[in-house]
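**Student:** Hey, dropping protein_31.txt in here, compact mmCIF, C-alpha atoms:
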# COMPACT_ATOMS: atom_id res chain seq x y z
CA MET A 1 0.00 0.00 0.00
CA LYS A 2 2.87 2.26 0.73
CA LYS A 3 4.14 1.77 -2.80
CA ARG A 4 0.76 2.59 -4.14
CA SER A 5 0.64 5.82 -2.11
CA ILE A 6 4.08 6.82 -3.32
CA LEU A 7 3.14 6.05 -6.92
CA THR A 8 -0.08 8.08 -6.59
CA MET A 9 1.83 10.94 -5.05
CA VAL A 10 4.49 10.89 -7.80
CA VAL A 11 1.84 10.74 -10.54
CA SER A 12 -0.04 13.59 -8.82
CA LEU A 13 3.12 15.72 -8.63
CA VAL A 14 3.96 15.04 -12.29
CA LEU A 15 0.40 15.91 -13.25
CA VAL A 16 0.54 19.15 -11.22
CA GLY A 17 3.90 19.98 -12.84
CA VAL A 18 2.58 19.37 -16.37
CA ILE A 19 -0.52 21.47 -15.69
CA SER A 20 1.62 24.27 -14.17
CA VAL A 21 4.05 24.34 -17.11
CA GLY A 22 1.18 24.17 -19.62
CA ALA A 23 -0.70 27.00 -17.90
CA THR A 24 2.46 29.12 -17.69
CA MET A 25 3.23 28.53 -21.39
CA ALA A 26 -0.34 29.40 -22.33
CA TYR A 27 -0.14 32.54 -20.23
CA LEU A 28 3.25 33.65 -21.64
CA THR A 29 2.74 32.67 -25.28
CA SER A 30 1.08 34.78 -27.93
CA LYS A 31 0.99 34.51 -31.71
CA ASP A 32 0.23 37.10 -34.35
CA SER A 33 1.17 37.60 -37.98
CA HIS A 34 1.03 40.31 -40.63
CA VAL A 35 1.20 39.89 -44.36
CA ASN A 36 2.96 42.72 -46.18
CA THR A 37 2.13 42.91 -49.85
CA PHE A 38 4.40 45.15 -51.86
CA THR A 39 2.90 47.04 -54.77
CA VAL A 40 5.01 48.92 -57.26
CA GLY A 41 4.06 52.44 -58.20
CA ASN A 42 3.97 53.45 -61.81
CA VAL A 43 4.39 56.51 -63.92
CA THR A 44 2.34 56.77 -67.07
CA VAL A 45 1.99 59.61 -69.52
CA ALA A 46 0.21 59.92 -72.85
CA GLN A 47 0.56 62.48 -75.62
CA THR A 48 -2.19 63.78 -77.89
CA GLU A 49 -2.63 66.64 -80.35
CA PRO A 50 -6.35 67.40 -80.21
CA ASN A 51 -6.28 70.37 -82.60
CA TRP A 52 -3.84 69.05 -85.19
CA HIS A 53 -5.31 67.77 -88.44
CA GLU A 54 -2.39 66.88 -90.68
CA THR A 55 -4.24 66.89 -93.98
CA ASP A 56 -5.55 70.40 -93.32
CA LYS A 57 -2.26 71.96 -92.25
CA LEU A 58 0.65 70.85 -94.38
CA ASN A 59 -0.48 71.92 -97.81
CA ASN A 60 0.82 75.12 -99.41
CA LEU A 61 3.02 76.41 -96.60
CA VAL A 62 4.13 79.99 -97.07
CA PRO A 63 6.43 82.26 -95.03
CA GLY A 64 4.71 83.77 -92.00
CA VAL A 65 1.98 81.13 -91.70
CA GLU A 66 1.02 80.09 -88.19
CA LEU A 67 -0.16 76.49 -87.80
CA THR A 68 -2.22 75.23 -84.88
CA LYS A 69 -0.30 72.35 -83.32
CA ASP A 70 -0.80 71.45 -79.68
CA PRO A 71 1.21 68.51 -78.33
CA THR A 72 -0.49 67.81 -75.00
CA PHE A 73 0.63 65.50 -72.20
CA THR A 74 -1.71 63.79 -69.77
CA VAL A 75 -0.40 61.93 -66.73
CA GLY A 76 -2.24 58.63 -66.10
CA SER A 77 -4.99 58.41 -63.50
CA THR A 78 -3.03 55.90 -61.38
CA SER A 79 0.36 57.48 -61.92
CA GLU A 80 2.69 58.67 -59.19
CA ASP A 81 3.71 62.33 -59.13
CA CYS A 82 6.24 62.90 -61.89
CA TYR A 83 8.40 65.29 -63.86
CA VAL A 84 7.26 65.63 -67.47
CA TYR A 85 9.62 66.16 -70.39
CA MET A 86 8.79 66.86 -74.02
CA LYS A 87 11.26 66.82 -76.87
CA ILE A 88 10.87 68.63 -80.19
CA THR A 89 12.95 67.07 -82.95
CA VAL A 90 13.45 68.25 -86.51
CA PRO A 91 15.55 66.32 -89.05
CA ASP A 92 18.13 69.02 -89.72
CA THR A 93 19.10 72.63 -89.07
CA THR A 94 17.31 73.85 -92.21
CA LEU A 95 13.91 73.30 -90.61
CA ALA A 96 15.13 74.39 -87.17
CA GLY A 97 15.94 77.85 -88.53
CA VAL A 98 12.65 78.23 -90.38
CA VAL A 99 10.03 77.26 -87.80
CA SER A 100 9.48 78.32 -84.22
CA PHE A 101 7.19 77.02 -81.51
CA ASN A 102 5.34 79.22 -78.99
CA VAL A 103 6.55 77.33 -75.89
CA ASP A 104 5.23 78.94 -72.68
CA SER A 105 8.40 79.78 -70.72
CA THR A 106 6.36 80.31 -67.54
CA LYS A 107 5.57 76.58 -67.56
CA TRP A 108 8.52 74.99 -69.38
CA ASP A 109 12.32 75.13 -69.07
CA ALA A 110 14.60 74.46 -72.03
CA ILE A 111 17.10 71.94 -70.63
CA SER A 112 19.14 70.94 -73.66
CA GLY A 113 20.75 74.33 -74.24
CA GLN A 114 18.33 75.60 -76.88
CA THR A 115 16.53 78.91 -76.96
CA ILE A 116 12.89 78.71 -75.84
CA GLY A 117 10.78 78.06 -78.93
CA GLN A 118 13.41 76.03 -80.78
CA PRO A 119 13.80 72.23 -81.06
CA GLY A 120 15.22 70.49 -78.00
CA VAL A 121 14.18 69.01 -74.66
CA TYR A 122 11.79 70.87 -72.36
CA LYS A 123 10.96 70.12 -68.72
CA TYR A 124 7.68 71.10 -67.08
CA LYS A 125 8.57 73.46 -64.22
CA THR A 126 6.51 71.72 -61.52
CA THR A 127 5.82 68.11 -60.67
CA VAL A 128 2.61 66.77 -62.12
CA ALA A 129 0.09 64.62 -60.25
CA ALA A 130 -2.23 61.96 -61.68
CA ASN A 131 -4.56 63.31 -64.38
CA GLY A 132 -2.41 66.44 -64.82
CA THR A 133 -2.39 67.79 -68.36
CA ASP A 134 -0.90 70.69 -70.32
CA LYS A 135 0.42 71.69 -73.74
CA LEU A 136 4.05 72.23 -74.71
CA PHE A 137 3.05 74.77 -77.36
CA THR A 138 -0.04 75.67 -79.39
CA THR A 139 1.36 76.98 -82.67
CA VAL A 140 4.20 76.48 -85.11
CA THR A 141 5.18 79.56 -87.07
CA VAL A 142 7.08 79.57 -90.36
CA ASN A 143 9.62 82.42 -90.42
CA SER A 144 8.16 85.30 -92.41
CA GLY A 145 11.57 86.03 -93.94
CA ALA A 146 12.06 82.51 -95.35
CA SER A 147 13.14 82.57 -98.98
CA SER A 148 11.68 80.45 -101.77
CA ALA A 149 14.82 78.30 -101.70
CA THR A 150 14.46 77.76 -97.94
CA MET A 151 10.80 76.90 -98.31
CA ALA A 152 11.72 74.38 -101.01
CA ALA A 153 14.39 72.92 -98.72
CA ILE A 154 11.88 72.22 -95.94
CA ALA A 155 9.44 70.39 -98.21
CA ASN A 156 8.60 66.94 -96.79
CA LYS A 157 10.45 67.61 -93.53
CA THR A 158 8.92 66.43 -90.27
CA ILE A 159 8.50 67.73 -86.75
CA THR A 160 8.44 65.07 -84.05
CA VAL A 161 7.32 65.69 -80.48
CA ALA A 162 7.91 62.99 -77.87
CA THR A 163 6.90 62.87 -74.21
CA CYS A 164 8.36 61.06 -71.22
CA ALA A 165 7.84 61.20 -67.46
CA VAL A 166 10.12 60.43 -64.50
CA GLN A 167 8.94 59.71 -60.96
CA ALA A 168 9.22 62.73 -58.68
CA ASN A 169 9.58 61.04 -55.28
CA ASN A 170 12.52 59.25 -53.66
CA LEU A 171 15.14 60.14 -56.23
CA GLY A 172 17.69 61.09 -53.59
CA SER A 173 20.45 63.14 -55.16
CA THR A 174 19.70 61.87 -58.68
CA ASN A 175 18.96 64.67 -61.13
CA PRO A 176 15.68 63.64 -62.82
CA ASP A 177 16.86 65.30 -66.04
CA THR A 178 19.42 62.52 -66.46
CA LEU A 179 16.59 59.93 -66.36
CA ALA A 180 14.49 61.43 -69.17
CA ASP A 181 14.51 58.72 -71.82
CA PHE A 182 12.88 59.29 -75.20
CA THR A 183 13.79 55.92 -76.71
Could you spell out this file's structure in structure tokens?

**Tutor:**
Amino acid sequence: MKKRSILTMVVSLVLVGVISVGATMAYLTSKDSHVNTFTVGNVTVAQTEPNWHETDKLNNLVPGVELTKDPTFTVGSTSEDCYVYMKITVPDTTLAGVVSFNVDSTKWDAISGQTIGQPGVYKYKTTVAANGTDKLFTTVTVNSGASSATMAAIANKTITVATCAVQANNLGSTNPDTLADFT
């Protein structure tokens, strides 16, 4: 009987110990988790020319004519804030000296060394938020002093306007102008 009492006491102590450890672990243990989903921001920009109708404009150019041409950027509705750049390209210096563009210097900076109104790269002066929109210029003017020979030389030449955007936030010391890519 003594053995049985000792066995019962040992089993009771083990049981009390297991319950004590289990209760302590339950009291001191907690679990929680968080799922972090990373989303990547984007920068989107589109270019339109709502008032340009090519078939109406390019016939019978004469010196002094002013053509309505309005390359317009629009930043996408889900886009991050961005810097907007537009680039005017002409195929050679003949056309560059004959036409000028009425670029608004209160809104745009010439950043490739050109005079405002001449071909080159332009940067919008402020950052642009989603759905932001504006025009680089609204008219192209043919130099009123252009000779017949010059006018003949610009026949079939093209003007290309391209747009790109660069994120505005978290660039650190990087100059956003170096990121403008028109390719």

**Student:** What does the structure give for the distance between CA of Gln167 (chain A) and CA of Pro50 (chain A), in Å to one decimal?

**Tutor:** 25.8 Å

**Student:** For Ile159 (chain A), find every residue with an atom within 10 Å (counting all atoms listed in the file), except residues of its own chain fewer than 4 positions away, and show them as a ChimeraX atom specification.

**Tutor:** /A:88-91,95-96,99,119,140

**Student:** Store the residues picked out above in a file with C-alpha atoms, as a short mmCIF file (atom, residue, chain, number, x, y, z; two decimals), keeping the file's coordinate frame.

**Tutor:**
data_model
loop_
_atom_site.label_atom_id
_atom_site.label_comp_id
_atom_site.auth_asym_id
_atom_site.auth_seq_id
_atom_site.Cartn_x
_atom_site.Cartn_y
_atom_site.Cartn_z
CA ILE A 88 10.87 68.63 -80.19
CA THR A 89 12.95 67.07 -82.95
CA VAL A 90 13.45 68.25 -86.51
CA PRO A 91 15.55 66.32 -89.05
CA LEU A 95 13.91 73.30 -90.61
CA ALA A 96 15.13 74.39 -87.17
CA VAL A 99 10.03 77.26 -87.80
CA PRO A 119 13.80 72.23 -81.06
CA VAL A 140 4.20 76.48 -85.11
#

**Student:** Go ahead and fit an axis-aligned box to every listed atom of region 35-52 of chain A plus 5 Å each side, and pass me the centre and edge lengths in Å, one decimal, as AutoDock Vina command-line options.

**Tutor:**
--center_x -0.7 --center_y 55.1 --center_z -64.8 --size_x 21.4 --size_y 40.5 --size_z 50.8

**Student:** Which residue, A:Tyr124, A:Tyr83, A:Trp108, A:Trp52, has the smallest gap to Asp70 (chain A) when you use all atoms listed in the file?

**Tutor:**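 Result for the nearest residue to Asp70 (chain A): A:Trp52.
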
**Student:** Kindly extract all protein, DNA and RNA residues lying within 8 Å of the coordinates (12.7, 69.6, -77.8) given in the file, considering only C-alpha atoms, and supply them as a PyMOL selection string.

**Tutor:** chain A and resi 86-89+110+112+118-122+161

**Student:** Write a file of the selected residues as a tab-separated table (two decimals), keeping the file's coordinate frame, keeping C-alpha atoms.

**Tutor:**
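Heads up, here's the output in result12.tsv:
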chain	number	residue	atom	x	y	z
A	86	MET	CA	8.79	66.86	-74.02
A	87	LYS	CA	11.26	66.82	-76.87
A	88	ILE	CA	10.87	68.63	-80.19
A	89	THR	CA	12.95	67.07	-82.95
A	110	ALA	CA	14.60	74.46	-72.03
A	112	SER	CA	19.14	70.94	-73.66
A	118	GLN	CA	13.41	76.03	-80.78
A	119	PRO	CA	13.80	72.23	-81.06
A	120	GLY	CA	15.22	70.49	-78.00
A	121	VAL	CA	14.18	69.01	-74.66
A	122	TYR	CA	11.79	70.87	-72.36
A	161	VAL	CA	7.32	65.69	-80.48

**Student:** Find the residues around Glu66 (chain A) up to 9 Å (only C-alpha atoms counted), leave out those fewer than 4 positions away in its own chain, and share them as a list of chain:residue names.

**Tutor:**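 The neighbour list is A:Thr139, A:Val140, A:Thr141, A:Val142.
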
**Student:** What is the CA of Pro71 (chain A) to CA of Leu136 (chain A) distance in Å?

**Tutor:**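 CA of Pro71 (chain A) sits 5.9 Å away from CA of Leu136 (chain A).
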
**Student:** Kindly give the distance, in Å, that separates CA of Leu67 (chain A) and CA of Tyr85 (chain A), rounded to a single decimal.

**Tutor:**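 Interatomic distance here is 22.5 Å.
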
**Student:** I want to know what sits within 10 Å of Ser144 (chain A), based on all atoms listed in the file, with residues of the same chain fewer than 4 positions away left out; could you give that as a ChimeraX atom specification?

**Tutor:** /A:62-66,98-99

**Student:** Which residues come within 10 Å of Lys107 (chain A), counting all atoms listed in the file, excluding same-chain residues fewer than 3 positions away, as a PyMOL selection string?

**Tutor:** chain A and resi 103-104+122-126+134-136

**Student:** Please determine the residues with any atom at most 12 Å from (3.5, 58.8, -62.5) (coordinates as given in the file, with all atoms listed in the file counting) and report them as an NGL selection string.

**Tutor:** :A and (40-46 or 74-84 or 127-132 or 164-169)

**Student:** Find the residue from A:Ser5, A:Gln47, A:Thr39, A:Ser33 that sits nearest to Ala162 (chain A); use all atoms listed in the file when measuring.

**Tutor:**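 Counting all atoms listed in the file, the residue closest to Ala162 (chain A) is A:Gln47.
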
**Student:** Can region 121-149 of chain A be brought up to N, CA and C atoms and written out as a compact mmCIF listing (two decimals), in the frame of the given file?

**Tutor:**
# COMPACT_ATOMS: atom_id res chain seq x y z
N VAL A 121 14.90 69.65 -75.75
CA VAL A 121 14.18 69.01 -74.66
C VAL A 121 13.69 70.09 -73.69
N TYR A 122 12.42 69.95 -73.29
CA TYR A 122 11.79 70.87 -72.36
C TYR A 122 11.31 70.09 -71.14
N LYS A 123 11.43 70.73 -69.97
CA LYS A 123 10.96 70.12 -68.72
C LYS A 123 9.87 71.00 -68.13
N TYR A 124 8.75 70.37 -67.75
CA TYR A 124 7.68 71.10 -67.08
C TYR A 124 8.21 71.59 -65.74
N LYS A 125 7.93 72.83 -65.38
CA LYS A 125 8.57 73.46 -64.22
C LYS A 125 8.13 72.89 -62.88
N THR A 126 6.98 72.27 -62.79
CA THR A 126 6.51 71.72 -61.52
C THR A 126 6.26 70.22 -61.69
N THR A 127 6.19 69.52 -60.57
CA THR A 127 5.82 68.11 -60.67
C THR A 127 4.34 68.03 -61.03
N VAL A 128 3.98 66.93 -61.64
CA VAL A 128 2.61 66.77 -62.12
C VAL A 128 2.00 65.55 -61.45
N ALA A 129 0.81 65.71 -60.92
CA ALA A 129 0.09 64.62 -60.25
C ALA A 129 -0.76 63.86 -61.27
N ALA A 130 -1.35 62.77 -60.82
CA ALA A 130 -2.23 61.96 -61.68
C ALA A 130 -3.30 62.86 -62.31
N ASN A 131 -3.58 62.59 -63.57
CA ASN A 131 -4.56 63.31 -64.38
C ASN A 131 -4.13 64.72 -64.77
N GLY A 132 -2.89 65.12 -64.42
CA GLY A 132 -2.41 66.44 -64.82
C GLY A 132 -2.23 66.50 -66.33
N THR A 133 -2.50 67.65 -66.91
CA THR A 133 -2.39 67.79 -68.36
C THR A 133 -2.00 69.22 -68.72
N ASP A 134 -1.26 69.37 -69.80
CA ASP A 134 -0.90 70.69 -70.32
C ASP A 134 -0.30 70.54 -71.71
N LYS A 135 -0.13 71.67 -72.38
CA LYS A 135 0.42 71.69 -73.74
C LYS A 135 1.86 72.20 -73.70
N LEU A 136 2.70 71.69 -74.58
CA LEU A 136 4.05 72.23 -74.71
C LEU A 136 4.00 73.54 -75.50
N PHE A 137 3.26 73.56 -76.57
CA PHE A 137 3.05 74.77 -77.36
C PHE A 137 1.72 74.64 -78.08
N THR A 138 1.25 75.72 -78.68
CA THR A 138 -0.04 75.67 -79.39
C THR A 138 0.06 76.04 -80.85
N THR A 139 1.18 76.63 -81.25
CA THR A 139 1.36 76.98 -82.67
C THR A 139 2.80 76.75 -83.12
N VAL A 140 2.91 76.52 -84.43
CA VAL A 140 4.20 76.48 -85.11
C VAL A 140 4.15 77.59 -86.15
N THR A 141 5.17 78.44 -86.14
CA THR A 141 5.18 79.56 -87.07
C THR A 141 6.34 79.40 -88.04
N VAL A 142 6.04 79.58 -89.33
CA VAL A 142 7.08 79.57 -90.36
C VAL A 142 7.62 80.99 -90.44
N ASN A 143 8.94 81.13 -90.39
CA ASN A 143 9.62 82.42 -90.42
C ASN A 143 9.13 83.24 -91.62
N SER A 144 8.69 84.45 -91.33
CA SER A 144 8.16 85.30 -92.41
C SER A 144 9.23 85.72 -93.40
N GLY A 145 10.49 85.65 -93.04
CA GLY A 145 11.57 86.03 -93.94
C GLY A 145 12.16 84.86 -94.73
N ALA A 146 11.53 83.69 -94.65
CA ALA A 146 12.06 82.51 -95.35
C ALA A 146 11.98 82.70 -96.86
N SER A 147 13.08 82.41 -97.52
CA SER A 147 13.14 82.57 -98.98
C SER A 147 12.47 81.39 -99.68
N SER A 148 12.27 81.54 -100.97
CA SER A 148 11.68 80.45 -101.77
C SER A 148 12.57 79.22 -101.71
N ALA A 149 13.89 79.43 -101.75
CA ALA A 149 14.82 78.30 -101.70
C ALA A 149 14.72 77.59 -100.35
